[in-house]
$ cat input_38.pdb   # PDB, C-alpha atoms
MODEL        1
ATOM      1  CA  MET V  19       0.000   0.000   0.000
ATOM      2  CA  PRO V  20       1.154   3.526  -0.670
ATOM      3  CA  ARG V  21       2.577   5.290   2.358
ATOM      4  CA  THR V  22       0.189   8.177   2.150
ATOM      5  CA  GLU V  23      -2.895   8.345   0.060
ATOM      6  CA  ARG V  24      -5.428  11.076  -0.372
ATOM      7  CA  HIS V  25      -8.284  11.173  -2.773
ATOM      8  CA  GLY V  26     -10.983  13.633  -3.108
ATOM      9  CA  ARG V  27     -12.722  16.265  -5.065
ATOM     10  CA  SER V  28     -12.179  19.961  -5.183
ATOM     11  CA  PRO V  29     -14.656  21.991  -3.128
ATOM     12  CA  ASP V  30     -16.801  22.605  -6.201
ATOM     13  CA  GLY V  31     -16.695  18.882  -7.075
ATOM     14  CA  ARG V  32     -15.398  19.380 -10.586
ATOM     15  CA  VAL V  33     -11.839  18.156 -10.058
ATOM     16  CA  ARG V  34     -10.921  14.744  -8.726
ATOM     17  CA  VAL V  35      -7.553  14.452  -7.023
ATOM     18  CA  VAL V  36      -5.203  11.561  -6.338
ATOM     19  CA  ASP V  37      -2.255  12.415  -4.124
ATOM     20  CA  VAL V  38       0.027   9.560  -3.058
ATOM     21  CA  GLU V  39       3.543   8.978  -1.912
ATOM     22  CA  ILE V  40       4.924   5.511  -2.525
ATOM     23  CA  PRO V  41       8.114   3.706  -1.534
ATOM     24  CA  ASN V  42      10.695   3.565  -4.300
ATOM     25  CA  ASP V  43       9.652   0.137  -5.566
ATOM     26  CA  VAL V  44       8.352  -0.827  -9.004
ATOM     27  CA  ARG V  45       5.798  -3.162  -7.405
ATOM     28  CA  TYR V  46       3.723  -0.107  -6.457
ATOM     29  CA  ILE V  47       3.354   1.092 -10.034
ATOM     30  CA  GLU V  48       0.264  -0.913 -10.927
ATOM     31  CA  LYS V  49      -1.595   0.222  -7.830
ATOM     32  CA  VAL V  50      -0.936   3.908  -8.539
ATOM     33  CA  VAL V  51      -1.923   3.482 -12.173
ATOM     34  CA  GLU V  52      -5.229   1.956 -11.055
ATOM     35  CA  LEU V  53      -5.953   4.870  -8.700
ATOM     36  CA  VAL V  54      -5.457   7.427 -11.462
ATOM     37  CA  ARG V  55      -7.206   5.371 -14.108
ATOM     38  CA  ARG V  56     -10.249   4.952 -11.860
ATOM     39  CA  GLU V  57     -10.615   8.722 -11.521
ATOM     40  CA  CYS V  58     -10.350   9.129 -15.293
ATOM     41  CA  GLN V  59     -12.993   6.443 -15.697
ATOM     42  CA  VAL V  60     -15.347   8.323 -13.360
ATOM     43  CA  MET V  61     -14.847  11.362 -15.565
ATOM     44  CA  ALA V  62     -15.782   9.284 -18.632
ATOM     45  CA  TYR V  63     -12.447   9.402 -20.417
ATOM     46  CA  GLY V  64     -12.286   7.439 -23.655
ATOM     47  CA  GLN V  65     -11.666   3.705 -23.624
ATOM     48  CA  ARG V  66      -8.332   4.017 -25.428
ATOM     49  CA  GLN V  67      -7.186   6.636 -22.956
ATOM     50  CA  LEU V  68      -8.147   4.359 -20.062
ATOM     51  CA  MET V  69      -6.540   1.260 -21.519
ATOM     52  CA  LEU V  70      -3.497   2.682 -23.304
ATOM     53  CA  ASN V  71      -2.578   6.357 -22.908
ATOM     54  CA  VAL V  72      -2.984   6.779 -19.160
ATOM     55  CA  PRO V  73      -1.636   3.426 -17.905
ATOM     56  CA  VAL V  74       1.350   3.198 -20.243
ATOM     57  CA  ALA V  75       2.484   6.832 -19.955
ATOM     58  CA  LEU V  76       2.082   6.806 -16.179
ATOM     59  CA  THR V  77       3.902   3.489 -15.859
ATOM     60  CA  GLU V  78       6.791   4.982 -17.839
ATOM     61  CA  ALA V  79       6.926   8.106 -15.678
ATOM     62  CA  LEU V  80       6.847   6.055 -12.466
ATOM     63  CA  SER V  81       9.442   3.636 -13.702
ATOM     64  CA  ASN V  82      11.748   6.530 -14.705
ATOM     65  CA  ALA V  83      11.299   8.137 -11.297
ATOM     66  CA  ILE V  84      12.007   4.921  -9.375
ATOM     67  CA  LEU V  85      14.838   3.479 -11.453
ATOM     68  CA  ARG V  86      16.510   6.566 -12.935
ATOM     69  CA  GLY V  87      15.576   9.535 -10.742
ATOM     70  CA  ASN V  88      15.832   7.695  -7.435
ATOM     71  CA  ARG V  89      18.362   5.177  -8.792
ATOM     72  CA  ASP V  90      16.410   2.245  -7.365
ATOM     73  CA  ASP V  91      17.278   3.415  -3.832
ATOM     74  CA  PRO V  92      14.779   1.779  -1.417
ATOM     75  CA  ALA V  93      15.193   4.634   1.082
ATOM     76  CA  LYS V  94      13.651   7.116  -1.346
ATOM     77  CA  HIS V  95      10.060   7.875  -2.305
ATOM     78  CA  VAL V  96       8.020   8.935  -5.306
ATOM     79  CA  HIS V  97       5.218  11.464  -5.082
ATOM     80  CA  VAL V  98       2.299  11.364  -7.505
ATOM     81  CA  ARG V  99      -0.386  13.998  -7.796
ATOM     82  CA  ALA V 100      -3.120  13.732 -10.405
ATOM     83  CA  GLU V 101      -5.920  16.203 -11.050
ATOM     84  CA  VAL V 102      -8.680  14.984 -13.300
ATOM     85  CA  ASP V 103     -11.586  17.010 -14.571
ATOM     86  CA  ALA V 104     -13.944  16.786 -17.506
ATOM     87  CA  GLU V 105     -11.407  18.441 -19.786
ATOM     88  CA  ARG V 106      -8.012  17.075 -18.895
ATOM     89  CA  LEU V 107      -5.779  14.962 -16.712
ATOM     90  CA  VAL V 108      -2.698  16.598 -15.258
ATOM     91  CA  VAL V 109      -0.414  14.181 -13.466
ATOM     92  CA  GLU V 110       2.870  15.005 -11.791
ATOM     93  CA  VAL V 111       5.425  12.386 -10.788
ATOM     94  CA  GLY V 112       8.156  13.612  -8.457
ATOM     95  CA  ASP V 113      11.343  11.860  -7.383
ATOM     96  CA  GLU V 114      14.327  12.782  -5.241
ATOM     97  CA  GLY V 115      16.876  12.687  -8.051
ATOM     98  CA  ALA V 116      18.626  15.347 -10.068
ATOM     99  CA  GLY V 117      16.315  14.969 -13.041
ATOM    100  CA  PHE V 118      17.289  14.685 -16.650
ATOM    101  CA  ASP V 119      16.971  16.675 -19.808
ATOM    102  CA  LEU V 120      13.831  15.471 -21.576
ATOM    103  CA  GLU V 121      15.043  16.720 -24.952
ATOM    104  CA  ALA V 122      18.531  15.254 -24.664
ATOM    105  CA  SER V 123      17.103  11.924 -23.513
ATOM    106  CA  LEU V 124      14.863  11.598 -26.517
ATOM    107  CA  ILE V 125      15.865   9.096 -29.157
ATOM    108  CA  ASP V 126      13.673   7.852 -31.961
ATOM    109  CA  PRO V 127      13.240   4.130 -31.302
ATOM    110  CA  THR V 128      11.393   3.628 -34.584
ATOM    111  CA  THR V 129      14.356   4.178 -36.928
ATOM    112  CA  PRO V 130      15.776   1.017 -38.536
ATOM    113  CA  GLU V 131      18.996   1.246 -36.502
ATOM    114  CA  ASN V 132      17.106   1.621 -33.204
ATOM    115  CA  LEU V 133      14.221  -0.754 -33.809
ATOM    116  CA  GLY V 134      16.078  -3.748 -32.395
ATOM    117  CA  ARG V 135      17.115  -1.950 -29.210
ATOM    118  CA  GLU V 136      15.719  -3.249 -25.979
ATOM    119  CA  ASP V 137      15.574   0.175 -24.303
ATOM    120  CA  GLY V 138      14.862   3.770 -25.288
ATOM    121  CA  ARG V 139      11.072   3.645 -25.737
ATOM    122  CA  GLY V 140       9.962   5.088 -22.380
ATOM    123  CA  LEU V 141      10.115   8.832 -23.019
ATOM    124  CA  PHE V 142       9.062   8.290 -26.609
ATOM    125  CA  LEU V 143       5.857   6.604 -25.425
ATOM    126  CA  MET V 144       5.158   9.267 -22.810
ATOM    127  CA  ARG V 145       5.308  11.911 -25.511
ATOM    128  CA  LYS V 146       3.263   9.910 -27.987
ATOM    129  CA  LEU V 147       0.542   8.997 -25.490
ATOM    130  CA  MET V 148       0.222  12.333 -23.668
ATOM    131  CA  ASP V 149      -0.562  15.754 -25.138
ATOM    132  CA  HIS V 150       2.179  17.481 -23.197
ATOM    133  CA  VAL V 151       5.178  16.311 -21.159
ATOM    134  CA  GLU V 152       7.457  18.681 -19.269
ATOM    135  CA  ARG V 153      10.013  18.610 -16.506
ATOM    136  CA  LEU V 154       9.622  21.013 -13.603
ATOM    137  CA  GLU V 155      12.160  22.197 -11.079
ATOM    138  CA  ALA V 156      11.298  21.100  -7.568
ATOM    139  CA  PRO V 157      12.733  22.086  -4.166
ATOM    140  CA  ARG V 158      14.144  18.585  -3.720
ATOM    141  CA  GLY V 159      14.302  16.373  -6.734
ATOM    142  CA  SER V 160      12.604  16.477 -10.071
ATOM    143  CA  VAL V 161       9.017  16.453 -11.310
ATOM    144  CA  VAL V 162       7.618  15.318 -14.634
ATOM    145  CA  ARG V 163       4.209  16.758 -15.494
ATOM    146  CA  MET V 164       2.037  15.122 -18.131
ATOM    147  CA  THR V 165      -1.203  16.491 -19.535
ATOM    148  CA  LEU V 166      -3.854  14.600 -21.475
ATOM    149  CA  HIS V 167      -7.050  16.149 -22.797
ATOM    150  CA  ARG V 168     -10.162  14.016 -22.532
ATOM    151  CA  GLU V 169     -11.292  12.470 -25.791
TER     152      GLU V 169
ATOM    153  CA  MET E  12      -0.050 -10.653 -13.128
ATOM    154  CA  SER E  13       1.086 -14.092 -14.113
ATOM    155  CA  PHE E  14       2.441 -16.107 -16.981
ATOM    156  CA  SER E  15       1.296 -19.608 -17.789
ATOM    157  CA  VAL E  16       3.453 -21.801 -19.969
ATOM    158  CA  LYS E  17       2.153 -24.842 -21.793
ATOM    159  CA  LYS E  18       3.079 -26.973 -24.769
ATOM    160  CA  GLU E  19       0.770 -27.226 -27.763
ATOM    161  CA  GLY E  20       2.330 -29.724 -30.154
ATOM    162  CA  GLU E  21       5.852 -28.502 -30.746
ATOM    163  CA  VAL E  22       5.077 -24.962 -29.687
ATOM    164  CA  VAL E  23       5.669 -23.460 -26.257
ATOM    165  CA  VAL E  24       2.698 -21.160 -25.607
ATOM    166  CA  VAL E  25       2.938 -18.430 -22.984
ATOM    167  CA  ASP E  26      -0.205 -16.616 -21.841
ATOM    168  CA  VAL E  27       0.394 -13.173 -20.356
ATOM    169  CA  GLU E  28      -2.316 -12.538 -17.771
ATOM    170  CA  GLY E  29      -2.515  -8.923 -16.597
ATOM    171  CA  GLN E  30       0.196  -6.402 -17.322
ATOM    172  CA  LEU E  31       3.624  -6.915 -18.833
ATOM    173  CA  ILE E  32       5.582  -4.118 -17.213
ATOM    174  CA  VAL E  33       8.808  -3.257 -15.450
ATOM    175  CA  GLY E  34       7.810  -5.128 -12.279
ATOM    176  CA  ASN E  35       7.312  -8.556 -13.864
ATOM    177  CA  ARG E  36       9.118  -8.572 -17.212
ATOM    178  CA  GLN E  37      12.078 -10.557 -15.809
ATOM    179  CA  GLU E  38       9.729 -13.363 -14.825
ATOM    180  CA  LEU E  39       8.516 -13.713 -18.422
ATOM    181  CA  LYS E  40      12.052 -13.520 -19.752
ATOM    182  CA  GLN E  41      13.293 -16.230 -17.407
ATOM    183  CA  LYS E  42      10.390 -18.569 -18.164
ATOM    184  CA  VAL E  43      11.025 -18.366 -21.898
ATOM    185  CA  LEU E  44      14.808 -18.625 -21.534
ATOM    186  CA  ASP E  45      14.376 -21.749 -19.365
ATOM    187  CA  GLU E  46      12.376 -23.372 -22.170
ATOM    188  CA  LEU E  47      14.940 -22.250 -24.740
ATOM    189  CA  GLU E  48      17.700 -23.853 -22.672
ATOM    190  CA  ARG E  49      15.731 -27.080 -22.614
ATOM    191  CA  GLY E  50      15.963 -27.078 -26.382
ATOM    192  CA  GLU E  51      12.550 -25.684 -27.317
ATOM    193  CA  LYS E  52      12.564 -23.745 -30.605
ATOM    194  CA  LYS E  53       9.013 -22.592 -31.304
ATOM    195  CA  PHE E  54       7.432 -19.968 -29.076
ATOM    196  CA  LEU E  55       4.080 -18.237 -29.096
ATOM    197  CA  ILE E  56       3.158 -15.452 -26.691
ATOM    198  CA  ASP E  57      -0.601 -14.965 -26.419
ATOM    199  CA  PHE E  58      -1.871 -11.557 -25.246
ATOM    200  CA  SER E  59      -5.593 -12.300 -25.141
ATOM    201  CA  GLN E  60      -5.628 -11.805 -21.360
ATOM    202  CA  THR E  61      -3.187  -8.917 -21.256
ATOM    203  CA  GLY E  62      -3.980  -5.425 -20.000
ATOM    204  CA  TYR E  63      -1.179  -3.066 -20.936
ATOM    205  CA  ILE E  64       2.512  -3.345 -21.827
ATOM    206  CA  ASP E  65       5.152  -0.737 -21.044
ATOM    207  CA  SER E  66       8.479   0.017 -22.729
ATOM    208  CA  SER E  67      10.382  -2.462 -20.604
ATOM    209  CA  GLY E  68       7.843  -5.171 -21.480
ATOM    210  CA  LEU E  69       8.361  -4.348 -25.147
ATOM    211  CA  GLY E  70      12.113  -4.446 -24.527
ATOM    212  CA  VAL E  71      11.883  -7.963 -23.130
ATOM    213  CA  LEU E  72       9.953  -9.116 -26.193
ATOM    214  CA  VAL E  73      12.656  -7.656 -28.447
ATOM    215  CA  SER E  74      15.348  -9.326 -26.362
ATOM    216  CA  LEU E  75      13.593 -12.717 -26.391
ATOM    217  CA  SER E  76      13.023 -12.497 -30.109
ATOM    218  CA  LYS E  77      16.776 -12.050 -30.651
ATOM    219  CA  LYS E  78      17.771 -14.839 -28.279
ATOM    220  CA  ILE E  79      15.297 -17.281 -29.789
ATOM    221  CA  ARG E  80      16.492 -16.443 -33.306
ATOM    222  CA  GLU E  81      20.124 -16.904 -32.255
ATOM    223  CA  GLN E  82      19.230 -20.451 -31.212
ATOM    224  CA  GLY E  83      17.584 -21.110 -34.552
ATOM    225  CA  GLY E  84      14.090 -20.753 -33.149
ATOM    226  CA  GLU E  85      11.026 -18.658 -33.927
ATOM    227  CA  LEU E  86       8.800 -16.370 -31.875
ATOM    228  CA  ARG E  87       5.235 -15.423 -32.799
ATOM    229  CA  LEU E  88       2.794 -13.123 -31.031
ATOM    230  CA  ALA E  89      -0.991 -13.471 -31.059
ATOM    231  CA  ASN E  90      -4.228 -11.856 -29.934
ATOM    232  CA  LEU E  91      -3.207  -8.225 -29.559
ATOM    233  CA  ASN E  92      -6.261  -6.118 -28.812
ATOM    234  CA  ASP E  93      -6.720  -2.774 -30.591
ATOM    235  CA  ASP E  94      -4.873  -0.818 -27.909
ATOM    236  CA  LEU E  95      -1.928  -3.194 -27.899
ATOM    237  CA  LYS E  96      -1.876  -3.096 -31.702
ATOM    238  CA  THR E  97      -1.670   0.695 -31.497
ATOM    239  CA  LEU E  98       1.247   0.375 -29.083
ATOM    240  CA  PHE E  99       3.104  -1.915 -31.492
ATOM    241  CA  GLU E 100       2.318   0.404 -34.401
ATOM    242  CA  LEU E 101       3.497   3.532 -32.532
ATOM    243  CA  THR E 102       6.817   1.860 -31.803
ATOM    244  CA  LYS E 103       6.917   0.153 -35.234
ATOM    245  CA  LEU E 104       7.449  -3.140 -33.464
ATOM    246  CA  ASP E 105       4.630  -4.509 -35.596
ATOM    247  CA  THR E 106       7.300  -4.641 -38.316
ATOM    248  CA  LEU E 107       9.744  -6.578 -36.142
ATOM    249  CA  PHE E 108       7.427  -9.342 -34.921
ATOM    250  CA  GLN E 109       5.237 -11.868 -36.650
ATOM    251  CA  ILE E 110       1.818 -11.158 -35.211
ATOM    252  CA  ALA E 111      -1.244 -13.335 -35.752
ATOM    253  CA  ASP E 112      -4.851 -12.395 -35.052
ATOM    254  CA  THR E 113      -5.618 -15.653 -33.283
ATOM    255  CA  ARG E 114      -3.790 -18.353 -31.408
ATOM    256  CA  GLU E 115      -4.851 -20.946 -33.996
ATOM    257  CA  ARG E 116      -3.448 -18.956 -36.883
ATOM    258  CA  ALA E 117      -0.223 -18.377 -34.994
ATOM    259  CA  LEU E 118       0.126 -22.094 -34.274
ATOM    260  CA  GLN E 119      -0.523 -22.944 -37.920
ATOM    261  CA  SER E 120       2.103 -20.446 -39.084
ATOM    262  CA  PHE E 121       5.074 -22.359 -37.670
TER     263      PHE E 121
ENDMDL
END
$ encode --input "input_38.pdb" --output "structure tokens"
Amino acid sequence: MPRTERHGRSPDGRVRVVDVEIPNDVRYIEKVVELVRRECQVMAYGQRQLMLNVPVALTEALSNAILRGNRDDPAKHVHVRAEVDAERLVVEVGDEGAGFDLEASLIDPTTPENLGREDGRGLFLMRKLMDHVERLEAPRGSVVRMTLHRE
Amino acid sequence: MSFSVKKEGEVVVVDVEGQLIVGNRQELKQKVLDELERGEKKFLIDFSQTGYIDSSGLGVLVSLSKKIREQGGELRLANLNDDLKTLFELTKLDTLFQIADTRERALQSF
């Protein structure tokens, strides 16, 4: 179970919020994805967004935070905050690492020379499956914010 | 999340139940490599009961495909739903793998 977990709606009821902090362990990824996906489902997001865009992009962001940002250090944590309304999902994934340059990290895994690579598809998929992906400066660590407009 | 492995004729069939993601990809890899070490050559991975696949799951499929080919074997995939097909198309991995619509067709294609 996540260490802290808060769900709720904004005072006017139009925004649903998931706010969790999880131990730095990939086994928590599926649980967090389900929490966010459930809120998107309540807001009647499209089936493809529920089955592909949201789970895959969020899994990639969490996996990057745990394995790259926090360098698989079990003493660290990952913070996830998602706000879902009828128009869009904004989800932020924060780790305790130094962050990385999203542009510099981007390779095209679909070129013939890269197609047989085992890695290098994570950021590519985040960008393909979300409308906007950006890295934010944070007081301690790094935050990736992803935005997806409801279909 | 689990993987069931069974033999249908000469083909080792692996069903992926649930997600194929960073947390369980090594389990799939090891199960297939164990069969490869035992001398099996024909592999089919069936995704009819699969939810979503992330980049590391895709990476394991690419890796297994190479290792099976190196041993003179073949890997086929079957039963990708529309969302999984989109994932393979986005990454162009639909051009790297032999993908069948059904398990039966995949089995017949060996």
$ atom_distance --input "input_38.pdb" --atom1 "CA of Gly117 in chain V" --atom2 "CA of Leu166 in chain V"
21.9 Å
$ closest_residue --input "input_38.pdb" --among "V:Leu80, V:Leu141, V:Leu68, V:Val161" --to "Leu120 in chain V" --atoms "all atoms listed in the file"
V:Leu141
$ interface_residues --input "input_38.pdb" --of "chain V" --to "chain E" --cutoff "7 Å" --atoms "only C-alpha atoms" --output "PyMOL selection string"
chain V and resi 44-45+66+69-70+74+77-78+127-128+134+136-137+139-140
$ atom_distance --input "input_38.pdb" --atom1 "CA of Ser81 in chain V" --atom2 "CA of Asp113 in chain V"
10.5 Å
$ residues_around --input "input_38.pdb" --residues "range 41-54 of chain E" --least-positions-apart "3" --cutoff "10 Å" --atoms "only C-alpha atoms" --output "ChimeraX atom specification"
/E:14-16,18-25,36-38,57,75-76,78-80,82-88,117-118,121
$ closest_residue --input "input_38.pdb" --among "V:Glu155, V:Glu110, V:Glu169, V:Glu101" --to "Arg27 in chain V" --atoms "all atoms listed in the file"
V:Glu101
$ resolve_selection --input "input_38.pdb" --expression "the PyMOL selection byres ((chain V and resi 145-148) around 7)" --output "PyMOL selection string"
chain V and resi 71+75+141-144+149-151+164-166
$ atom_distance --input "input_38.pdb" --atom1 "CA of Phe58 in chain E" --atom2 "CA of Asn92 in chain E"
7.8 Å
$ decode --input "input_38.pdb" --residues "range 67-103 of chain E" --atoms "N, CA and C atoms" --output "JSON list (two decimals), in the first residue's frame"
[["chain", "number", "residue", "atom", "x", "y", "z"],
["E", 67, "SER", "N", 9.47, -1.39, -21.00],
["E", 67, "SER", "CA", 10.38, -2.46, -20.60],
["E", 67, "SER", "C", 9.80, -3.84, -20.97],
["E", 68, "GLY", "N", 8.47, -3.94, -20.99],
["E", 68, "GLY", "CA", 7.84, -5.17, -21.48],
["E", 68, "GLY", "C", 8.13, -5.37, -22.96],
["E", 69, "LEU", "N", 8.03, -4.28, -23.72],
["E", 69, "LEU", "CA", 8.36, -4.35, -25.15],
["E", 69, "LEU", "C", 9.83, -4.73, -25.32],
["E", 70, "GLY", "N", 10.68, -4.15, -24.45],
["E", 70, "GLY", "CA", 12.11, -4.45, -24.53],
["E", 70, "GLY", "C", 12.41, -5.92, -24.31],
["E", 71, "VAL", "N", 11.68, -6.53, -23.39],
["E", 71, "VAL", "CA", 11.88, -7.96, -23.13],
["E", 71, "VAL", "C", 11.45, -8.79, -24.33],
["E", 72, "LEU", "N", 10.39, -8.38, -24.99],
["E", 72, "LEU", "CA", 9.95, -9.12, -26.19],
["E", 72, "LEU", "C", 11.01, -9.03, -27.29],
["E", 73, "VAL", "N", 11.60, -7.83, -27.45],
["E", 73, "VAL", "CA", 12.66, -7.66, -28.45],
["E", 73, "VAL", "C", 13.85, -8.54, -28.09],
["E", 74, "SER", "N", 14.21, -8.53, -26.82],
["E", 74, "SER", "CA", 15.35, -9.33, -26.36],
["E", 74, "SER", "C", 15.10, -10.83, -26.58],
["E", 75, "LEU", "N", 13.91, -11.29, -26.22],
["E", 75, "LEU", "CA", 13.59, -12.72, -26.39],
["E", 75, "LEU", "C", 13.60, -13.11, -27.86],
["E", 76, "SER", "N", 13.06, -12.22, -28.68],
["E", 76, "SER", "CA", 13.02, -12.50, -30.11],
["E", 76, "SER", "C", 14.43, -12.75, -30.65],
["E", 77, "LYS", "N", 15.38, -11.90, -30.21],
["E", 77, "LYS", "CA", 16.78, -12.05, -30.65],
["E", 77, "LYS", "C", 17.37, -13.36, -30.16],
["E", 78, "LYS", "N", 17.16, -13.64, -28.87],
["E", 78, "LYS", "CA", 17.77, -14.84, -28.28],
["E", 78, "LYS", "C", 17.20, -16.11, -28.90],
["E", 79, "ILE", "N", 15.92, -16.10, -29.18],
["E", 79, "ILE", "CA", 15.30, -17.28, -29.79],
["E", 79, "ILE", "C", 15.84, -17.47, -31.21],
["E", 80, "ARG", "N", 15.95, -16.36, -31.94],
["E", 80, "ARG", "CA", 16.49, -16.44, -33.31],
["E", 80, "ARG", "C", 17.93, -16.94, -33.31],
["E", 81, "GLU", "N", 18.72, -16.46, -32.34],
["E", 81, "GLU", "CA", 20.12, -16.90, -32.25],
["E", 81, "GLU", "C", 20.24, -18.42, -32.07],
["E", 82, "GLN", "N", 19.22, -19.00, -31.44],
["E", 82, "GLN", "CA", 19.23, -20.45, -31.21],
["E", 82, "GLN", "C", 18.53, -21.19, -32.35],
["E", 83, "GLY", "N", 18.24, -20.48, -33.41],
["E", 83, "GLY", "CA", 17.58, -21.11, -34.55],
["E", 83, "GLY", "C", 16.09, -21.32, -34.36],
["E", 84, "GLY", "N", 15.52, -20.59, -33.42],
["E", 84, "GLY", "CA", 14.09, -20.75, -33.15],
["E", 84, "GLY", "C", 13.25, -19.62, -33.72],
["E", 85, "GLU", "N", 11.96, -19.68, -33.42],
["E", 85, "GLU", "CA", 11.03, -18.66, -33.93],
["E", 85, "GLU", "C", 10.09, -18.21, -32.81],
["E", 86, "LEU", "N", 9.76, -16.92, -32.83],
["E", 86, "LEU", "CA", 8.80, -16.37, -31.87],
["E", 86, "LEU", "C", 7.65, -15.74, -32.64],
["E", 87, "ARG", "N", 6.43, -16.07, -32.23],
["E", 87, "ARG", "CA", 5.24, -15.42, -32.80],
["E", 87, "ARG", "C", 4.43, -14.80, -31.65],
["E", 88, "LEU", "N", 3.70, -13.75, -32.00],
["E", 88, "LEU", "CA", 2.79, -13.12, -31.03],
["E", 88, "LEU", "C", 1.37, -13.28, -31.54],
["E", 89, "ALA", "N", 0.41, -13.34, -30.63],
["E", 89, "ALA", "CA", -0.99, -13.47, -31.06],
["E", 89, "ALA", "C", -1.94, -12.72, -30.14],
["E", 90, "ASN", "N", -3.11, -12.41, -30.71],
["E", 90, "ASN", "CA", -4.23, -11.86, -29.93],
["E", 90, "ASN", "C", -3.96, -10.49, -29.31],
["E", 91, "LEU", "N", -3.36, -9.59, -30.07],
["E", 91, "LEU", "CA", -3.21, -8.22, -29.56],
["E", 91, "LEU", "C", -4.55, -7.51, -29.72],
["E", 92, "ASN", "N", -5.03, -6.91, -28.65],
["E", 92, "ASN", "CA", -6.26, -6.12, -28.81],
["E", 92, "ASN", "C", -5.93, -4.80, -29.52],
["E", 93, "ASP", "N", -6.95, -3.99, -29.80],
["E", 93, "ASP", "CA", -6.72, -2.77, -30.59],
["E", 93, "ASP", "C", -5.71, -1.83, -29.93],
["E", 94, "ASP", "N", -5.78, -1.73, -28.60],
["E", 94, "ASP", "CA", -4.87, -0.82, -27.91],
["E", 94, "ASP", "C", -3.44, -1.34, -27.97],
["E", 95, "LEU", "N", -3.28, -2.63, -27.81],
["E", 95, "LEU", "CA", -1.93, -3.19, -27.90],
["E", 95, "LEU", "C", -1.40, -3.09, -29.33],
["E", 96, "LYS", "N", -2.30, -3.28, -30.30],
["E", 96, "LYS", "CA", -1.88, -3.10, -31.70],
["E", 96, "LYS", "C", -1.37, -1.67, -31.91],
["E", 97, "THR", "N", -2.10, -0.71, -31.37],
["E", 97, "THR", "CA", -1.67, 0.69, -31.50],
["E", 97, "THR", "C", -0.29, 0.89, -30.89],
["E", 98, "LEU", "N", -0.06, 0.27, -29.74],
["E", 98, "LEU", "CA", 1.25, 0.37, -29.08],
["E", 98, "LEU", "C", 2.35, -0.17, -29.99],
["E", 99, "PHE", "N", 2.11, -1.31, -30.60],
["E", 99, "PHE", "CA", 3.10, -1.91, -31.49],
["E", 99, "PHE", "C", 3.29, -1.05, -32.75],
["E", 100, "GLU", "N", 2.21, -0.44, -33.21],
["E", 100, "GLU", "CA", 2.32, 0.40, -34.40],
["E", 100, "GLU", "C", 3.09, 1.69, -34.09],
["E", 101, "LEU", "N", 2.80, 2.30, -32.93],
["E", 101, "LEU", "CA", 3.50, 3.53, -32.53],
["E", 101, "LEU", "C", 5.01, 3.32, -32.48],
["E", 102, "THR", "N", 5.39, 2.15, -31.98],
["E", 102, "THR", "CA", 6.82, 1.86, -31.80],
["E", 102, "THR", "C", 7.40, 1.14, -33.02],
["E", 103, "LYS", "N", 6.55, 0.90, -34.01],
["E", 103, "LYS", "CA", 6.92, 0.15, -35.23],
["E", 103, "LYS", "C", 7.36, -1.27, -34.94]]
